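Coordinates as given in structure37.csv (CSV, C-alpha atoms):
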```csv
chain,number,residue,atom,x,y,z
A,1,MET,CA,65.3,92.1,102.8
A,2,LEU,CA,69.0,91.6,102.8
A,3,ASN,CA,71.2,90.6,99.8
A,4,ASN,CA,73.1,87.8,101.5
A,5,PRO,CA,72.3,87.6,105.3
A,6,GLU,CA,74.1,84.2,105.7
A,7,ALA,CA,77.4,85.9,104.7
A,8,THR,CA,77.4,87.5,108.2
A,9,GLU,CA,77.5,84.1,109.9
A,10,ARG,CA,80.1,82.7,107.6
A,11,ALA,CA,82.3,85.8,108.2
A,12,LEU,CA,81.9,85.5,112.0
A,13,GLY,CA,82.8,81.9,111.7
A,14,ILE,CA,86.3,82.7,110.3
A,15,LEU,CA,86.9,85.9,112.2
A,16,ARG,CA,90.5,85.9,113.5
A,17,ASN,CA,90.5,82.1,113.0
A,18,GLY,CA,94.0,80.9,112.7
A,19,GLU,CA,92.9,77.8,110.7
A,20,GLN,CA,92.5,80.1,107.7
A,21,PHE,CA,96.1,81.2,107.7
A,22,GLN,CA,98.2,80.9,104.6
A,23,TRP,CA,101.9,81.5,104.3
A,24,TYR,CA,101.6,84.0,101.4
A,25,LEU,CA,100.7,86.7,104.0
A,26,ILE,CA,104.3,86.8,105.2
A,27,PRO,CA,105.8,87.9,101.8
A,28,LEU,CA,102.9,90.3,101.4
A,29,LEU,CA,103.8,91.9,104.7
A,30,ALA,CA,107.5,91.9,103.9
A,31,LEU,CA,106.6,93.7,100.6
A,32,VAL,CA,104.7,96.4,102.5
A,33,VAL,CA,107.6,96.9,104.9
A,34,TYR,CA,110.0,97.1,102.0
A,35,VAL,CA,107.9,99.7,100.2
A,36,TYR,CA,107.8,102.0,103.3
A,37,PHE,CA,111.5,101.5,104.2
A,38,ASN,CA,112.4,102.3,100.6
A,39,GLU,CA,110.4,105.6,100.7
A,40,ILE,CA,111.9,106.4,104.1
A,41,SER,CA,115.4,105.8,102.8
A,42,LYS,CA,114.6,108.4,100.1
A,43,LYS,CA,113.2,110.7,102.7
A,44,ASN,CA,109.8,110.8,100.9
A,45,TRP,CA,108.0,111.8,104.1
A,46,LYS,CA,105.1,113.3,102.1
A,47,GLY,CA,104.4,110.0,100.4
A,48,VAL,CA,104.7,108.1,103.7
A,49,ALA,CA,102.2,110.6,105.3
A,50,ALA,CA,99.8,110.0,102.4
A,51,GLY,CA,100.0,106.3,102.8
A,52,LEU,CA,99.7,106.2,106.6
A,53,SER,CA,96.8,108.7,106.7
A,54,LEU,CA,94.7,106.7,104.3
A,55,TYR,CA,95.5,103.5,106.3
A,56,MET,CA,94.4,105.1,109.5
A,57,VAL,CA,91.1,106.2,107.9
A,58,HIS,CA,90.7,102.7,106.5
A,59,TRP,CA,90.9,101.2,110.0
A,60,PHE,CA,88.5,103.7,111.4
A,61,PHE,CA,85.9,102.8,108.8
A,62,GLU,CA,86.5,99.1,109.3
A,63,ILE,CA,86.0,99.4,113.0
A,64,MET,CA,82.8,101.4,112.4
A,65,ASN,CA,81.6,98.6,110.0
A,66,GLY,CA,82.3,96.1,112.8
A,67,LEU,CA,80.3,98.1,115.3
A,68,ILE,CA,77.4,98.3,112.8
A,69,GLN,CA,77.4,94.5,112.6
A,70,HIS,CA,77.4,94.3,116.4
A,71,PHE,CA,74.4,96.6,117.0
A,72,SER,CA,72.3,95.8,113.9
A,73,GLY,CA,73.2,92.2,113.3
A,74,HIS,CA,74.8,92.8,109.9
A,75,ALA,CA,77.8,94.9,108.6
A,76,LEU,CA,77.5,97.0,105.5
A,77,TRP,CA,80.2,94.9,103.8
A,78,THR,CA,81.6,91.6,104.9
A,79,VAL,CA,84.3,89.0,103.8
A,80,PRO,CA,82.8,85.5,104.3
A,81,THR,CA,85.5,83.6,102.5
A,82,GLY,CA,88.7,83.9,100.4
A,83,THR,CA,91.0,85.4,103.0
A,84,ALA,CA,93.9,83.8,104.8
A,85,PHE,CA,93.1,85.8,108.0
A,86,LEU,CA,89.9,87.9,108.6
A,87,LEU,CA,91.0,90.8,110.8
A,88,LEU,CA,87.5,92.4,111.2
A,89,ILE,CA,84.2,91.3,109.7
A,90,GLY,CA,84.7,93.5,106.6
A,91,VAL,CA,88.5,93.2,105.9
A,92,GLY,CA,90.9,90.4,105.4
A,93,ALA,CA,94.6,90.7,105.9
A,94,GLU,CA,95.3,90.9,102.1
A,95,LEU,CA,92.9,93.8,101.6
A,96,SER,CA,94.2,95.7,104.6
A,97,LEU,CA,97.8,95.3,103.4
A,98,MET,CA,96.8,96.7,100.0
A,99,PHE,CA,95.2,99.8,101.7
A,100,SER,CA,98.4,100.2,103.8
A,101,ILE,CA,100.2,101.4,100.7
A,102,ALA,CA,97.3,102.6,98.5
A,103,GLY,CA,97.8,106.3,99.6
A,104,LEU,CA,101.5,106.1,99.0
A,105,ILE,CA,101.1,104.6,95.6
A,106,PHE,CA,98.6,107.2,94.4
A,107,SER,CA,100.6,110.1,95.8
A,108,LYS,CA,103.1,109.2,93.1
A,109,ILE,CA,100.8,110.7,90.4
A,110,LEU,CA,100.1,114.0,92.2
A,111,PRO,CA,101.2,117.1,90.2
A,112,PRO,CA,104.1,118.9,92.0
A,113,ASP,CA,102.1,122.1,92.4
A,114,PRO,CA,99.3,121.6,95.0
A,115,LYS,CA,97.5,124.7,93.8
A,116,MET,CA,97.3,123.7,90.2
A,117,LYS,CA,93.7,123.4,89.0
A,118,ILE,CA,92.2,120.9,86.6
A,119,PHE,CA,89.0,122.2,84.9
A,120,GLY,CA,88.9,124.9,87.6
A,121,VAL,CA,89.1,122.4,90.5
A,122,ASN,CA,92.1,121.9,92.8
A,123,ASN,CA,94.1,119.0,91.5
A,124,ARG,CA,94.3,117.2,94.9
A,125,LEU,CA,90.5,117.1,95.0
A,126,VAL,CA,90.3,115.9,91.4
A,127,PHE,CA,92.7,113.1,92.1
A,128,ALA,CA,91.0,112.1,95.3
A,129,VAL,CA,87.6,111.8,93.5
A,130,CYS,CA,89.1,110.0,90.6
A,131,ASN,CA,90.9,107.5,92.8
A,132,ALA,CA,87.7,107.0,94.9
A,133,ALA,CA,85.8,106.3,91.7
A,134,PHE,CA,88.4,103.8,90.5
A,135,PHE,CA,88.2,101.9,93.8
A,136,SER,CA,84.4,102.0,93.8
A,137,VAL,CA,84.1,100.6,90.3
A,138,PHE,CA,86.6,97.8,91.2
A,139,GLU,CA,84.5,97.0,94.2
A,140,ILE,CA,81.6,96.2,91.9
A,141,PHE,CA,83.7,93.3,90.6
A,142,LEU,CA,84.6,92.2,94.1
A,143,ALA,CA,80.9,92.2,95.2
A,144,LYS,CA,80.1,89.8,92.4
A,145,THR,CA,82.5,87.2,93.9
A,146,PRO,CA,81.8,85.0,97.0
A,147,ALA,CA,84.7,86.7,98.8
A,148,PHE,CA,83.1,90.2,99.3
A,149,VAL,CA,79.5,90.9,100.1
A,150,TRP,CA,77.4,94.1,100.2
A,151,VAL,CA,74.8,92.9,102.7
A,152,TYR,CA,72.2,95.6,102.4
A,153,PRO,CA,70.4,96.3,99.1
A,154,TRP,CA,70.9,100.0,99.4
A,155,TRP,CA,74.6,99.7,99.9
A,156,GLY,CA,76.6,99.7,96.7
A,157,SER,CA,79.2,101.4,94.6
A,158,ALA,CA,77.6,104.9,94.9
A,159,THR,CA,77.4,104.8,98.6
A,160,VAL,CA,80.8,103.3,98.9
A,161,PHE,CA,82.2,106.0,96.6
A,162,ALA,CA,80.5,108.9,98.6
A,163,THR,CA,80.9,107.7,102.2
A,164,VAL,CA,84.0,105.6,102.2
A,165,TYR,CA,86.5,106.1,99.3
A,166,ILE,CA,86.1,109.9,99.0
A,167,PRO,CA,87.1,110.3,102.7
A,168,PHE,CA,90.0,107.8,102.2
A,169,PHE,CA,91.5,109.7,99.4
A,170,VAL,CA,90.6,113.3,100.3
A,171,VAL,CA,92.5,112.8,103.6
A,172,SER,CA,95.4,111.1,101.9
A,173,MET,CA,95.9,113.4,98.9
A,174,PHE,CA,95.6,116.6,101.0
A,175,CYS,CA,97.7,115.2,103.8
A,176,TYR,CA,100.5,114.9,101.3
A,177,ASP,CA,101.0,118.7,101.3
A,178,TRP,CA,100.3,119.4,105.0
A,179,LYS,CA,103.1,120.6,107.2
A,180,PRO,CA,104.9,117.8,109.0
A,181,THR,CA,103.4,118.9,112.4
A,182,MET,CA,99.9,118.6,111.0
A,183,GLN,CA,100.6,115.3,109.3
A,184,LYS,CA,101.8,113.9,112.7
A,185,ILE,CA,98.8,115.3,114.5
A,186,VAL,CA,96.3,113.8,112.1
A,187,ILE,CA,98.0,110.4,111.7
A,188,GLY,CA,98.8,110.1,115.4
A,189,SER,CA,95.3,111.1,116.5
A,190,LEU,CA,93.7,108.6,114.1
A,191,PHE,CA,96.1,105.9,115.3
A,192,ALA,CA,95.3,106.6,118.9
A,193,VAL,CA,91.5,106.6,118.3
A,194,ASN,CA,91.7,103.3,116.3
A,195,ALA,CA,94.0,101.6,118.8
A,196,LEU,CA,91.7,102.6,121.7
A,197,MET,CA,88.6,101.3,119.9
A,198,LEU,CA,90.3,98.1,119.0
A,199,ILE,CA,91.4,97.6,122.6
A,200,VAL,CA,87.9,98.3,123.9
A,201,PHE,CA,85.6,96.9,121.3
A,202,ALA,CA,87.6,93.9,120.1
A,203,GLY,CA,89.8,93.1,123.1
A,204,VAL,CA,87.7,94.0,126.2
A,205,LEU,CA,84.1,93.8,125.0
A,206,GLY,CA,84.5,91.4,122.1
A,207,TRP,CA,82.0,93.3,120.0
A,208,ILE,CA,84.0,93.4,116.7
```
Entire entry expressed as C-alpha coordinates:
Amino acid sequence: MLNNPEATERALGILRNGEQFQWYLIPLLALVVYVYFNEISKKNWKGVAAGLSLYMVHWFFEIMNGLIQHFSGHALWTVPTGTAFLLLIGVGAELSLMFSIAGLIFSKILPPDPKMKIFGVNNRLVFAVCNAAFFSVFEIFLAKTPAFVWVYPWWGSATVFATVYIPFFVVSMFCYDWKPTMQKIVIGSLFAVNALMLIVFAGVLGWI
(Lines of atoms letter the chains of each structure in order from A and count residues from 1; the text may use other names and numbers.)
(Lines give C-alpha, C1' and ligand atoms only; values in the text may rest on other atoms or scores of the structure.)
Protein backbone atom coordinates (compact mmCIF):
# COMPACT_ATOMS: atom_id res chain seq x y z
CA MET A 1 0.00 0.00 0.00
CA LEU A 2 1.36 3.39 -1.03
CA ASN A 3 0.58 6.66 0.71
CA ASN A 4 -0.18 8.65 -2.43
CA PRO A 5 0.52 6.66 -5.63
CA GLU A 6 -1.21 9.17 -7.89
CA ALA A 7 1.40 11.75 -6.91
CA THR A 8 3.87 9.96 -9.18
CA GLU A 9 1.75 10.51 -12.28
CA ARG A 10 1.12 14.14 -11.37
CA ALA A 11 4.85 14.73 -10.93
CA LEU A 12 5.70 13.01 -14.20
CA GLY A 13 3.10 15.18 -15.89
CA ILE A 14 4.93 18.38 -14.97
CA LEU A 15 8.49 17.06 -15.14
CA ARG A 16 10.60 19.69 -16.92
CA ASN A 17 7.40 21.18 -18.34
CA GLY A 18 7.97 24.79 -19.33
CA GLU A 19 4.30 25.60 -18.86
CA GLN A 20 4.90 25.60 -15.10
CA PHE A 21 7.54 28.33 -15.31
CA GLN A 22 7.25 31.40 -13.08
CA TRP A 23 9.45 34.50 -13.28
CA TYR A 24 10.32 34.48 -9.58
CA LEU A 25 12.89 31.78 -10.33
CA ILE A 26 15.10 34.37 -12.01
CA PRO A 27 15.62 36.58 -8.91
CA LEU A 28 16.08 33.43 -6.80
CA LEU A 29 18.86 32.31 -9.11
CA ALA A 30 20.36 35.81 -9.04
CA LEU A 31 20.31 35.69 -5.23
CA VAL A 32 22.21 32.39 -5.19
CA VAL A 33 24.80 33.78 -7.62
CA TYR A 34 25.16 36.90 -5.45
CA VAL A 35 25.66 34.81 -2.31
CA TYR A 36 28.48 32.82 -3.88
CA PHE A 37 30.14 35.82 -5.54
CA ASN A 38 30.00 37.67 -2.24
CA GLU A 39 31.76 34.80 -0.46
CA ILE A 40 34.30 34.48 -3.28
CA SER A 41 35.07 38.21 -3.04
CA LYS A 42 35.82 37.63 0.65
CA LYS A 43 37.94 34.60 -0.27
CA ASN A 44 35.78 32.41 1.95
CA TRP A 45 36.81 29.30 0.06
CA LYS A 46 35.99 27.03 3.00
CA GLY A 47 32.39 28.21 3.04
CA VAL A 48 32.13 27.88 -0.73
CA ALA A 49 33.43 24.30 -0.45
CA ALA A 50 30.87 23.51 2.25
CA GLY A 51 28.10 24.84 0.03
CA LEU A 52 29.15 23.13 -3.17
CA SER A 53 29.85 19.78 -1.51
CA LEU A 54 26.35 19.63 -0.03
CA TYR A 55 24.86 20.64 -3.36
CA MET A 56 26.70 17.86 -5.17
CA VAL A 57 25.49 15.27 -2.64
CA HIS A 58 21.98 16.69 -3.02
CA TRP A 59 22.05 16.12 -6.78
CA PHE A 60 23.41 12.59 -6.35
CA PHE A 61 20.51 11.67 -4.05
CA GLU A 62 17.93 13.28 -6.34
CA ILE A 63 19.26 11.32 -9.31
CA MET A 64 19.09 8.11 -7.24
CA ASN A 65 15.50 8.95 -6.30
CA GLY A 66 14.69 9.37 -9.98
CA LEU A 67 16.23 6.01 -10.78
CA ILE A 68 14.20 4.38 -7.99
CA GLN A 69 11.09 5.80 -9.65
CA HIS A 70 12.14 4.42 -13.02
CA PHE A 71 12.85 0.89 -11.82
CA SER A 72 10.15 0.53 -9.14
CA GLY A 73 7.42 2.77 -10.51
CA HIS A 74 7.52 5.22 -7.60
CA ALA A 75 10.17 7.51 -6.14
CA LEU A 76 10.73 7.72 -2.39
CA TRP A 77 9.70 11.38 -2.44
CA THR A 78 8.07 13.40 -5.17
CA VAL A 79 6.91 16.94 -5.97
CA PRO A 80 3.55 16.71 -7.75
CA THR A 81 2.66 20.41 -7.59
CA GLY A 82 3.68 23.80 -6.27
CA THR A 83 6.91 24.28 -8.23
CA ALA A 84 7.62 26.61 -11.12
CA PHE A 85 9.91 24.03 -12.73
CA LEU A 86 10.32 20.39 -11.74
CA LEU A 87 13.95 19.41 -12.38
CA LEU A 88 13.67 15.76 -11.33
CA ILE A 89 10.72 13.89 -9.91
CA GLY A 90 11.65 14.75 -6.32
CA VAL A 91 13.02 18.27 -6.62
CA GLY A 92 11.71 21.56 -7.92
CA ALA A 93 13.96 24.44 -8.90
CA GLU A 94 13.13 26.36 -5.73
CA LEU A 95 14.16 23.52 -3.44
CA SER A 96 17.32 22.88 -5.40
CA LEU A 97 18.32 26.55 -5.22
CA MET A 98 17.86 26.43 -1.46
CA PHE A 99 20.13 23.39 -1.19
CA SER A 100 22.71 25.14 -3.35
CA ILE A 101 23.47 27.53 -0.48
CA ALA A 102 22.40 25.45 2.55
CA GLY A 103 25.90 24.13 3.27
CA LEU A 104 27.39 27.60 2.93
CA ILE A 105 24.79 29.08 5.28
CA PHE A 106 25.27 26.46 7.99
CA SER A 107 29.04 26.65 7.77
CA LYS A 108 28.68 30.17 9.23
CA ILE A 109 27.83 28.72 12.65
CA LEU A 110 30.72 26.26 12.85
CA PRO A 111 33.15 26.90 15.73
CA PRO A 112 36.60 28.11 14.57
CA ASP A 113 38.32 25.09 16.12
CA PRO A 114 37.50 21.93 14.12
CA LYS A 115 38.78 19.73 16.96
CA MET A 116 36.61 21.24 19.69
CA LYS A 117 34.26 18.73 21.26
CA ILE A 118 30.66 19.19 22.38
CA PHE A 119 29.64 16.68 25.05
CA GLY A 120 32.68 14.66 24.03
CA VAL A 121 31.78 14.57 20.33
CA ASN A 122 33.55 16.40 17.52
CA ASN A 123 31.69 19.65 16.91
CA ARG A 124 31.54 19.13 13.13
CA LEU A 125 29.64 15.89 13.65
CA VAL A 126 27.36 17.49 16.25
CA PHE A 127 26.45 20.32 13.90
CA ALA A 128 25.97 17.91 11.00
CA VAL A 129 23.52 15.79 13.02
CA CYS A 130 21.68 18.84 14.41
CA ASN A 131 21.35 20.40 10.96
CA ALA A 132 20.10 17.08 9.58
CA ALA A 133 17.54 16.85 12.37
CA PHE A 134 16.31 20.39 11.66
CA PHE A 135 15.78 19.64 7.99
CA SER A 136 14.09 16.31 8.75
CA VAL A 137 11.62 17.94 11.13
CA PHE A 138 10.88 20.68 8.61
CA GLU A 139 10.23 18.02 5.98
CA ILE A 140 7.43 16.65 8.17
CA PHE A 141 5.62 19.94 7.54
CA LEU A 142 6.34 19.77 3.81
CA ALA A 143 4.97 16.22 3.63
CA LYS A 144 1.66 17.49 5.03
CA THR A 145 1.23 19.80 2.05
CA PRO A 146 0.16 18.80 -1.49
CA ALA A 147 3.52 19.99 -2.83
CA PHE A 148 5.74 17.28 -1.32
CA VAL A 149 4.86 13.62 -0.95
CA TRP A 150 6.49 10.69 0.84
CA VAL A 151 5.16 7.93 -1.39
CA TYR A 152 6.00 4.83 0.65
CA PRO A 153 4.55 4.39 4.17
CA TRP A 154 7.93 3.30 5.56
CA TRP A 155 9.64 6.43 4.24
CA GLY A 156 9.46 9.37 6.64
CA SER A 157 11.39 11.80 8.80
CA ALA A 158 13.51 9.11 10.49
CA THR A 159 14.64 7.50 7.24
CA VAL A 160 15.18 10.91 5.64
CA PHE A 161 17.27 11.95 8.64
CA ALA A 162 19.46 8.83 8.63
CA THR A 163 19.91 8.19 4.93
CA VAL A 164 19.65 11.63 3.30
CA TYR A 165 20.28 14.61 5.52
CA ILE A 166 23.07 13.14 7.64
CA PRO A 167 25.15 12.41 4.50
CA PHE A 168 24.33 15.92 3.19
CA PHE A 169 25.65 17.67 6.26
CA VAL A 170 28.44 15.29 7.27
CA VAL A 171 30.09 15.84 3.88
CA SER A 172 29.46 19.60 4.00
CA MET A 173 30.57 20.27 7.57
CA PHE A 174 33.73 18.17 7.29
CA CYS A 175 34.55 19.42 3.79
CA TYR A 176 34.77 22.89 5.32
CA ASP A 177 38.07 21.92 7.01
CA TRP A 178 39.62 19.74 4.35
CA LYS A 179 42.68 20.90 2.49
CA PRO A 180 41.87 22.69 -0.79
CA THR A 181 43.16 19.77 -2.85
CA MET A 182 40.81 17.34 -1.11
CA GLN A 183 37.90 19.76 -1.43
CA LYS A 184 38.48 20.03 -5.17
CA ILE A 185 38.78 16.26 -5.57
CA VAL A 186 35.56 15.50 -3.68
CA ILE A 187 33.48 18.29 -5.25
CA GLY A 188 34.91 17.71 -8.72
CA SER A 189 34.38 13.94 -8.54
CA LEU A 190 30.78 14.31 -7.39
CA PHE A 191 30.14 16.87 -10.12
CA ALA A 192 31.56 14.52 -12.76
CA VAL A 193 29.49 11.56 -11.53
CA ASN A 194 26.30 13.65 -11.37
CA ALA A 195 26.87 15.18 -14.80
CA LEU A 196 27.52 11.78 -16.36
CA MET A 197 24.40 10.27 -14.79
CA LEU A 198 22.25 13.20 -15.92
CA ILE A 199 23.59 12.95 -19.46
CA VAL A 200 22.98 9.18 -19.60
CA PHE A 201 19.84 8.68 -17.51
CA ALA A 202 18.02 11.94 -18.30
CA GLY A 203 19.40 12.93 -21.68
CA VAL A 204 20.16 9.70 -23.53
CA LEU A 205 17.87 7.11 -21.92
CA GLY A 206 15.13 9.41 -20.62
CA TRP A 207 14.76 7.41 -17.43
CA ILE A 208 14.66 10.30 -14.95
Contacts of Ile140 of chain A within 12 Å, only C-alpha atoms, excl. fewer than 6 positions in-chain, as a list in words: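 So, after excluding close chain neighbours, the residues are Ala133, Phe134, Phe148, Val149, Trp150, Trp155, Gly156, Ser157, Ala158, Thr159, Val160 and Phe161 of chain A.
The shortest atom-to-atom distance to Pro112 of chain A, with all atoms listed in the file taken into account, belongs to A:Arg124 out of A:Lys144, A:Lys179, A:Arg124, A:His58.
Atom CA of Ile26 of chain A to atom CA of Leu87 of chain A spans 15.0 Å [interatomic distance, one decimal].
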Surrounding residues of Tyr55 of chain A excluding itself and chain neighbours under 4 positions, 10 Å, all atoms listed in the file, as a PyMOL selection string: chain A and resi 49-51+59-61+96-104+168+172+187+190-191
Protein, DNA and RNA residues within 12 Å of (82.9, 81.5, 111.0), all atoms listed in the file, as JSON, numbers by chain: {"A": [6, 7, 8, 9, 10, 11, 12, 13, 14, 15, 16, 17, 18, 19, 20, 78, 79, 80, 81, 85, 86, 88, 89]}
Length of the atom CA of Leu2 of chain A to atom CA of Phe138 of chain A vector [Å]: 22.0 Å
Within 12 Å of Trp207 of chain A using all atoms listed in the file, minus same-chain residues under 4 positions, as a VMD selection string: chain A and resid 12 15 63 to 73 88 to 89 197 to 203
Just C-alpha atoms for this one: save the residues we selected as a PDB file, in the coordinates of the input.
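Listed below is the output, out-v6.pdb:
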```
ATOM      1  CA  LEU A  12      81.900  85.500 112.000  1.00  0.00           C
ATOM      2  CA  LEU A  15      86.900  85.900 112.200  1.00  0.00           C
ATOM      3  CA  ILE A  63      86.000  99.400 113.000  1.00  0.00           C
ATOM      4  CA  MET A  64      82.800 101.400 112.400  1.00  0.00           C
ATOM      5  CA  ASN A  65      81.600  98.600 110.000  1.00  0.00           C
ATOM      6  CA  GLY A  66      82.300  96.100 112.800  1.00  0.00           C
ATOM      7  CA  LEU A  67      80.300  98.100 115.300  1.00  0.00           C
ATOM      8  CA  ILE A  68      77.400  98.300 112.800  1.00  0.00           C
ATOM      9  CA  GLN A  69      77.400  94.500 112.600  1.00  0.00           C
ATOM     10  CA  HIS A  70      77.400  94.300 116.400  1.00  0.00           C
ATOM     11  CA  PHE A  71      74.400  96.600 117.000  1.00  0.00           C
ATOM     12  CA  SER A  72      72.300  95.800 113.900  1.00  0.00           C
ATOM     13  CA  GLY A  73      73.200  92.200 113.300  1.00  0.00           C
ATOM     14  CA  LEU A  88      87.500  92.400 111.200  1.00  0.00           C
ATOM     15  CA  ILE A  89      84.200  91.300 109.700  1.00  0.00           C
ATOM     16  CA  MET A 197      88.600 101.300 119.900  1.00  0.00           C
ATOM     17  CA  LEU A 198      90.300  98.100 119.000  1.00  0.00           C
ATOM     18  CA  ILE A 199      91.400  97.600 122.600  1.00  0.00           C
ATOM     19  CA  VAL A 200      87.900  98.300 123.900  1.00  0.00           C
ATOM     20  CA  PHE A 201      85.600  96.900 121.300  1.00  0.00           C
ATOM     21  CA  ALA A 202      87.600  93.900 120.100  1.00  0.00           C
ATOM     22  CA  GLY A 203      89.800  93.100 123.100  1.00  0.00           C
TER      23      GLY A 203
END
```
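Interatomic distance, atom CA of Gln183 of chain A against atom CA of Ser136 of chain A: 26.1 Å.
Counting all atoms listed in the file, the residue from A:Leu25, A:Leu52, A:Val121, A:Val151 that sits nearest to Gly92 of chain A is A:Leu25.
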Counting all atoms listed in the file, the residue of A:Ile105, A:Val170, A:Leu76, A:Lys117 that sits nearest Pro5 of chain A: A:Leu76
